[in-house]
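Colleague: Can you read through this structure? Questions will come right after.
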Amino acid sequence: MPPVIFILSAAVFAQGTSEFILSGLLDQIARDTHVPLGTAGLLTSVFAVGMVIGAPVMTLAVNSIPARTSLVAFLTVFCASHVVGALTNDFALLMATRVLAAVANAGFLAVTLASLPAIVPEKTLTRATSTILAGVTLACIVGVPAGTLLGQVFGWHAAFWAIAAITAAAAVPLSLGRKIVIRTDKVRWNLTDRNLAVGVLVNGGTFATFTYLGTMAGPTWSPLALALFGIGSFMGVTFSHRIKAGTTVLAGVWIGAAFAVHTVPGLLIAAFVVGASA
C-alpha cells in the first residue's frame, strides 16, 4: 500500500474526530460562548449542512485542478478553521468555522475517494478504500474520547488545537508527494431516492442524539460512552453483512435506548447498541 494512503487516512482521522467531538465538549462550548445548550448543538447542524453542500459542489469546483493541489488546499482550510476556532469564544465566528471546516472536509473526502483509482492498482482498490475510511472508525473509537478527555483537562480549545496539528502533519507530506490525477470518468453514482431518504433519516436521527451523548453521560462517563458508541459502530460495520434486519429493528433499539439512558449502566449499554445498530 503506498504511504500516501496512510497519510490520507490520518487526515480523515482528524476530520472524523472534528465531526463527532462536539458531543463531548458541548457543555464547555455552551458555557464559554454564553449560549444555551440547544443553541450550541447547532454547531453540529451547520457542520452537517456544510458536508451535504460541500461534497458535490467542491468536487465540481476542483474538477480541473490537480488532485494533490485540491487535497492540500482542503486540508489547509480545514486546519485554519480549527486554528481560528481555537482562538475564539465568539459563537457566530465559531459557527462560521464549522461550516468552512465541513465544506473542506466534504471536498477532501470526495476528491480522495475519486483519486484512489489513480493511486493504487485496481486489485487493491477495495483495500485502499477501507484503509481511508478506517480513519473515521478510528476517530470514533480513539479520537473523540481522547479529544473529549483532552478538552476536559485543558479546555475545549485544546481539542481544536490537536485536530489542527494532526491535519497539518498530514498536509505537509501530502504537499511533497507525487502528482495525482483524478479519473472522473471512473466515478459512478448508484443511489436511488429511497436509499437517500433512508440514509438521511437514519443518520439524522442518530447524530441528533449523538450530539448530546456526552452531555447525557456527564464529564465522568462521557469519554467511555463515546468510545463505546465508536466500538459499537465498528462492530456494526464489520458484521452488518451477516445480519438480516432493517430499519424497523433500529427503531426498536432507539425506543429501548430512550428508557435505558436514565441510568449510567443503561446509557453505556445503549451507546454501544445504538452505535452498532445505526
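We name chains A, B, ... following the order of the C-alpha cells; residues begin at 1 in each chain, and ligands are numbered from 1 as shown.
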For Gly38 in chain A, find every residue with an atom within 12 Å (counting only C-alpha atoms), except residues of its own chain fewer than 6 positions away, and show them as a ChimeraX atom specification.
Modeller: /A:23,26-27,29-31,44-45,208-209,211-212,215
Colleague: Could you dump the residues just selected with all heavy atoms as an mmCIF file, in the first residue's frame?
Modeller:
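Output contents, as saved in out-v8.cif:
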```
data_model
loop_
_atom_site.group_PDB
_atom_site.id
_atom_site.type_symbol
_atom_site.label_atom_id
_atom_site.label_comp_id
_atom_site.auth_asym_id
_atom_site.auth_seq_id
_atom_site.Cartn_x
_atom_site.Cartn_y
_atom_site.Cartn_z
ATOM 1 N N SER A 23 -19.802 16.371 20.656
ATOM 2 C CA SER A 23 -20.671 15.690 21.620
ATOM 3 C C SER A 23 -20.068 15.712 23.017
ATOM 4 O O SER A 23 -20.791 15.863 24.004
ATOM 5 C CB SER A 23 -20.912 14.241 21.170
ATOM 6 O OG SER A 23 -21.684 13.551 22.139
ATOM 7 N N LEU A 26 -19.735 19.874 24.300
ATOM 8 C CA LEU A 26 -20.837 20.810 24.111
ATOM 9 C C LEU A 26 -21.118 21.660 25.350
ATOM 10 O O LEU A 26 -21.378 22.868 25.247
ATOM 11 C CB LEU A 26 -22.101 20.040 23.705
ATOM 12 C CG LEU A 26 -23.069 20.772 22.761
ATOM 13 C CD1 LEU A 26 -22.345 21.230 21.506
ATOM 14 C CD2 LEU A 26 -24.233 19.873 22.406
ATOM 15 N N ASP A 27 -21.054 21.048 26.532
ATOM 16 C CA ASP A 27 -21.303 21.808 27.763
ATOM 17 C C ASP A 27 -20.302 22.955 27.915
ATOM 18 O O ASP A 27 -20.678 24.090 28.231
ATOM 19 C CB ASP A 27 -21.215 20.886 28.984
ATOM 20 C CG ASP A 27 -22.457 20.034 29.150
ATOM 21 O OD1 ASP A 27 -23.555 20.557 28.916
ATOM 22 O OD2 ASP A 27 -22.325 18.853 29.503
ATOM 23 N N ILE A 29 -18.452 24.389 25.548
ATOM 24 C CA ILE A 29 -18.607 25.375 24.487
ATOM 25 C C ILE A 29 -19.791 26.290 24.772
ATOM 26 O O ILE A 29 -19.706 27.511 24.597
ATOM 27 C CB ILE A 29 -18.764 24.669 23.124
ATOM 28 C CG1 ILE A 29 -17.453 23.967 22.748
ATOM 29 C CG2 ILE A 29 -19.155 25.667 22.046
ATOM 30 C CD1 ILE A 29 -17.545 23.128 21.491
ATOM 31 N N ALA A 30 -20.909 25.699 25.216
ATOM 32 C CA ALA A 30 -22.089 26.500 25.539
ATOM 33 C C ALA A 30 -21.773 27.500 26.646
ATOM 34 O O ALA A 30 -22.177 28.672 26.586
ATOM 35 C CB ALA A 30 -23.243 25.588 25.954
ATOM 36 N N ARG A 31 -21.042 27.061 27.642
ATOM 37 C CA ARG A 31 -20.690 27.947 28.763
ATOM 38 C C ARG A 31 -19.758 29.073 28.317
ATOM 39 O O ARG A 31 -19.983 30.253 28.627
ATOM 40 C CB ARG A 31 -20.023 27.132 29.874
ATOM 41 C CG ARG A 31 -19.666 27.953 31.109
ATOM 42 C CD ARG A 31 -18.961 27.119 32.152
ATOM 43 N NE ARG A 31 -17.645 26.666 31.680
ATOM 44 C CZ ARG A 31 -17.350 25.390 31.459
ATOM 45 N NH1 ARG A 31 -18.255 24.444 31.638
ATOM 46 N NH2 ARG A 31 -16.140 25.044 31.050
ATOM 47 N N THR A 44 -23.294 21.325 15.391
ATOM 48 C CA THR A 44 -23.344 20.039 14.690
ATOM 49 C C THR A 44 -24.234 20.138 13.458
ATOM 50 O O THR A 44 -23.907 19.592 12.400
ATOM 51 C CB THR A 44 -23.882 18.943 15.631
ATOM 52 O OG1 THR A 44 -22.992 18.790 16.736
ATOM 53 C CG2 THR A 44 -23.985 17.615 14.902
ATOM 54 N N SER A 45 -25.326 20.867 13.572
ATOM 55 C CA SER A 45 -26.251 21.007 12.445
ATOM 56 C C SER A 45 -25.586 21.701 11.259
ATOM 57 O O SER A 45 -25.706 21.256 10.113
ATOM 58 C CB SER A 45 -27.494 21.802 12.870
ATOM 59 O OG SER A 45 -28.156 21.162 13.947
ATOM 60 N N ALA A 208 -28.537 13.416 15.764
ATOM 61 C CA ALA A 208 -29.295 14.352 16.592
ATOM 62 C C ALA A 208 -29.165 13.952 18.058
ATOM 63 O O ALA A 208 -29.084 14.799 18.953
ATOM 64 C CB ALA A 208 -30.758 14.368 16.175
ATOM 65 N N THR A 209 -29.141 12.647 18.303
ATOM 66 C CA THR A 209 -28.973 12.154 19.666
ATOM 67 C C THR A 209 -27.505 12.101 20.069
ATOM 68 O O THR A 209 -27.136 12.469 21.188
ATOM 69 C CB THR A 209 -29.591 10.751 19.809
ATOM 70 O OG1 THR A 209 -30.971 10.808 19.426
ATOM 71 C CG2 THR A 209 -29.491 10.264 21.242
ATOM 72 N N THR A 211 -25.157 13.980 19.328
ATOM 73 C CA THR A 211 -24.674 15.314 19.669
ATOM 74 C C THR A 211 -24.728 15.566 21.175
ATOM 75 O O THR A 211 -23.850 16.238 21.733
ATOM 76 C CB THR A 211 -25.521 16.386 18.950
ATOM 77 O OG1 THR A 211 -25.388 16.201 17.541
ATOM 78 C CG2 THR A 211 -25.073 17.796 19.318
ATOM 79 N N TYR A 212 -25.733 14.997 21.840
ATOM 80 C CA TYR A 212 -25.917 15.241 23.272
ATOM 81 C C TYR A 212 -25.540 14.036 24.137
ATOM 82 O O TYR A 212 -25.830 14.019 25.328
ATOM 83 C CB TYR A 212 -27.375 15.647 23.538
ATOM 84 C CG TYR A 212 -27.758 16.910 22.806
ATOM 85 C CD1 TYR A 212 -28.430 16.844 21.589
ATOM 86 C CD2 TYR A 212 -27.420 18.153 23.313
ATOM 87 C CE1 TYR A 212 -28.767 18.006 20.894
ATOM 88 C CE2 TYR A 212 -27.739 19.322 22.635
ATOM 89 C CZ TYR A 212 -28.417 19.234 21.415
ATOM 90 O OH TYR A 212 -28.733 20.383 20.730
ATOM 91 N N THR A 215 -23.214 15.053 26.923
ATOM 92 C CA THR A 215 -23.936 15.810 27.946
ATOM 93 C C THR A 215 -24.756 14.880 28.832
ATOM 94 O O THR A 215 -24.788 15.031 30.057
ATOM 95 C CB THR A 215 -24.869 16.839 27.276
ATOM 96 O OG1 THR A 215 -24.077 17.749 26.514
ATOM 97 C CG2 THR A 215 -25.662 17.600 28.314
#
```
Colleague: Taking only C-alpha atoms into account, produce a table as JSON lines in which each residue of range 134-236 of chain A with an atom at most 12 Å from an atom of range 88-100 of chain A appears once, together with its shortest atom pair and the distance in Å to one decimal, ordered by chain and rising number.
Modeller:
```
{"residue": "A:Gly155", "atom": "CA", "partner": "A:Asn89", "partner_atom": "CA", "distance": 11.8}
{"residue": "A:Trp156", "atom": "CA", "partner": "A:Asn89", "partner_atom": "CA", "distance": 10.5}
{"residue": "A:His157", "atom": "CA", "partner": "A:Thr88", "partner_atom": "CA", "distance": 8.4}
{"residue": "A:Ala158", "atom": "CA", "partner": "A:Thr88", "partner_atom": "CA", "distance": 11.9}
{"residue": "A:Phe160", "atom": "CA", "partner": "A:Thr88", "partner_atom": "CA", "distance": 10.8}
{"residue": "A:Trp161", "atom": "CA", "partner": "A:Thr88", "partner_atom": "CA", "distance": 11.9}
```
Colleague: Can you list, as JSON, numbers by chain, every protein, DNA or RNA residue that comes within 6 Å of range 230-234 of chain A when you count only C-alpha atoms, leaving out same-chain residues fewer than 6 positions away?
Modeller: {"A": [140, 141, 272, 275, 276]}
Colleague: Excluding Leu201 in chain A and residues on its chain fewer than 4 positions from it, collect all residues at most 12 Å away from it, counting only C-alpha atoms, and give them as an NGL selection string.
Modeller: :A and (194-197 or 205-208 or 247 or 250-251 or 278)
Colleague: Please save C-alpha atoms of the selected residues as a PDB file, in the first residue's frame.
Modeller:
```pdb
ATOM      1  CA  ARG A 194     -35.393   5.751  -1.404  1.00  0.00           C
ATOM      2  CA  ASN A 195     -31.846   4.894  -0.290  1.00  0.00           C
ATOM      3  CA  LEU A 196     -31.044   8.598   0.047  1.00  0.00           C
ATOM      4  CA  ALA A 197     -34.173   9.190   2.147  1.00  0.00           C
ATOM      5  CA  GLY A 205     -31.788  10.601  13.953  1.00  0.00           C
ATOM      6  CA  THR A 206     -28.527   9.029  15.054  1.00  0.00           C
ATOM      7  CA  PHE A 207     -26.499  12.211  15.206  1.00  0.00           C
ATOM      8  CA  ALA A 208     -29.295  14.352  16.592  1.00  0.00           C
ATOM      9  CA  THR A 247     -34.760  -0.035   9.980  1.00  0.00           C
ATOM     10  CA  LEU A 250     -33.207   0.106  14.531  1.00  0.00           C
ATOM     11  CA  ALA A 251     -36.390   1.924  15.570  1.00  0.00           C
ATOM     12  CA  ALA A 278     -27.041   2.547  13.288  1.00  0.00           C
TER      13      ALA A 278
END
```
